[in-house]
Structure formats: C-alpha cells, structure tokens
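Right, one structure below, let's go through it.
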Amino acid sequence: TKKQEWEARSSIRAEELLTLADTIKLLNDDDALELFKATLPSPSLLQTKVSSRAVRKQALGALKAARHSDPRMDLIMLALSGRSKNFDKVLKMIDEMLELLGREQADDNSKKDYCEVSIDKAEDEKKVLDQTAADLEKTIA
C-alpha cells in the first residue's frame, strides 16, 4: 500500500541521512585531516574555482556516459541540461500533491470505516427481521 511504500522510502532516506552524517563526521576528523595532508602535500594541484556551468556540464556528461534505465536519472539529466536555476516550483507542486493525496487517503479511510460500520448494522437488522419473520410464520402455521 501507499503507507508501506512511504514508510520504506522514509526509512531508507533516514538511513541515507545517518550515513551522510557519519561520513561528514569521519571526513572532519583530525585523522582524516592528517591523511589528506600526507596525500596532498601541496594544494597547488587543486583547482580552486569552477563555474557551476562547468560542474553541471561535467555531471551531465557522466550521466550520459553511464548507461541507465532509471527515469529518475532522466529527470536529473533534464534538470542539469535546463537553463533554469532549479526546480523549486515543481518541488513545491509535488509537496502540495503529496499533502493532497494524504488528505484524500485519510478521507477514504474514514469513509471505508463508516461503510463497514453501516454494513454491519444493516446485516444485524436483517438477521433480526429474518428471525421475526420466521417467528411470525411459525405463529401463523
């Protein structure tokens, strides 16, 4: 169901965030700093300025080079190749849609509960009426 899928995605996202936090903690550690200093004695080999356009172009090239069949990668490639700065408007619309779907799911659940209670009540009334009819038939006979 949608709830189970959402819970699975949420738990995966939480695990990813935890892993990222651990990675950042590890990279900020003093031992990592010493390792970086030993590996790169001179910072002159590092490129200090890269335009965002160049980074986007490089990322797009890497994504195109890697053969993929994931539609999410197509969306990322579209975002990288587009001229717009970001997808804030689209993300806002997605968030609103998720909120609407959540409300609709809650409404559907309450409607289902109401219907189940109504069906149970109607079945109980039918049993009482059937019993009454059977008693009346016995009285007449």
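Identifiers for the structure tokens are assigned positionally: chains receive A, B, ... in sequence, residues are indexed from 1 per chain, and ligands are indexed from 1 in the order shown.
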query: Looking only at the backbone, which of the residues in chain A does DSSP tag as helix (DSSP H, G or I), as JSON, numbers by chain?
result: {"A": [2, 3, 4, 5, 6, 7, 8, 9, 10, 11, 12, 13, 14, 15, 16, 17, 18, 19, 20, 21, 22, 23, 24, 25, 26, 27, 30, 31, 32, 33, 34, 35, 36, 37, 38, 39, 43, 44, 45, 52, 53, 54, 55, 56, 57, 58, 59, 60, 61, 62, 63, 64, 65, 71, 72, 73, 74, 75, 76, 77, 78, 79, 80, 81, 88, 89, 90, 91, 92, 93, 94, 95, 96, 97, 98, 99, 100, 101, 102, 103, 104, 105, 106, 107, 108, 109, 110, 111, 112, 113, 114, 115, 116, 117, 118, 119, 120, 121, 122, 123, 124, 125, 126, 127, 128, 129, 130, 131, 132, 133, 134, 135, 136, 137, 138, 139, 140]}
message: Set the distance at 10 Å and use only C-alpha atoms: which residues neighbour region 73-75 of chain A once local chain neighbours fewer than 6 positions away are removed? I'd like the list as number ranges by chain.
response: A: 63-64, 81
- line: Between CA of Ile94 (chain A) and CA of Ser10 (chain A) lies a distance of 16.1 Å
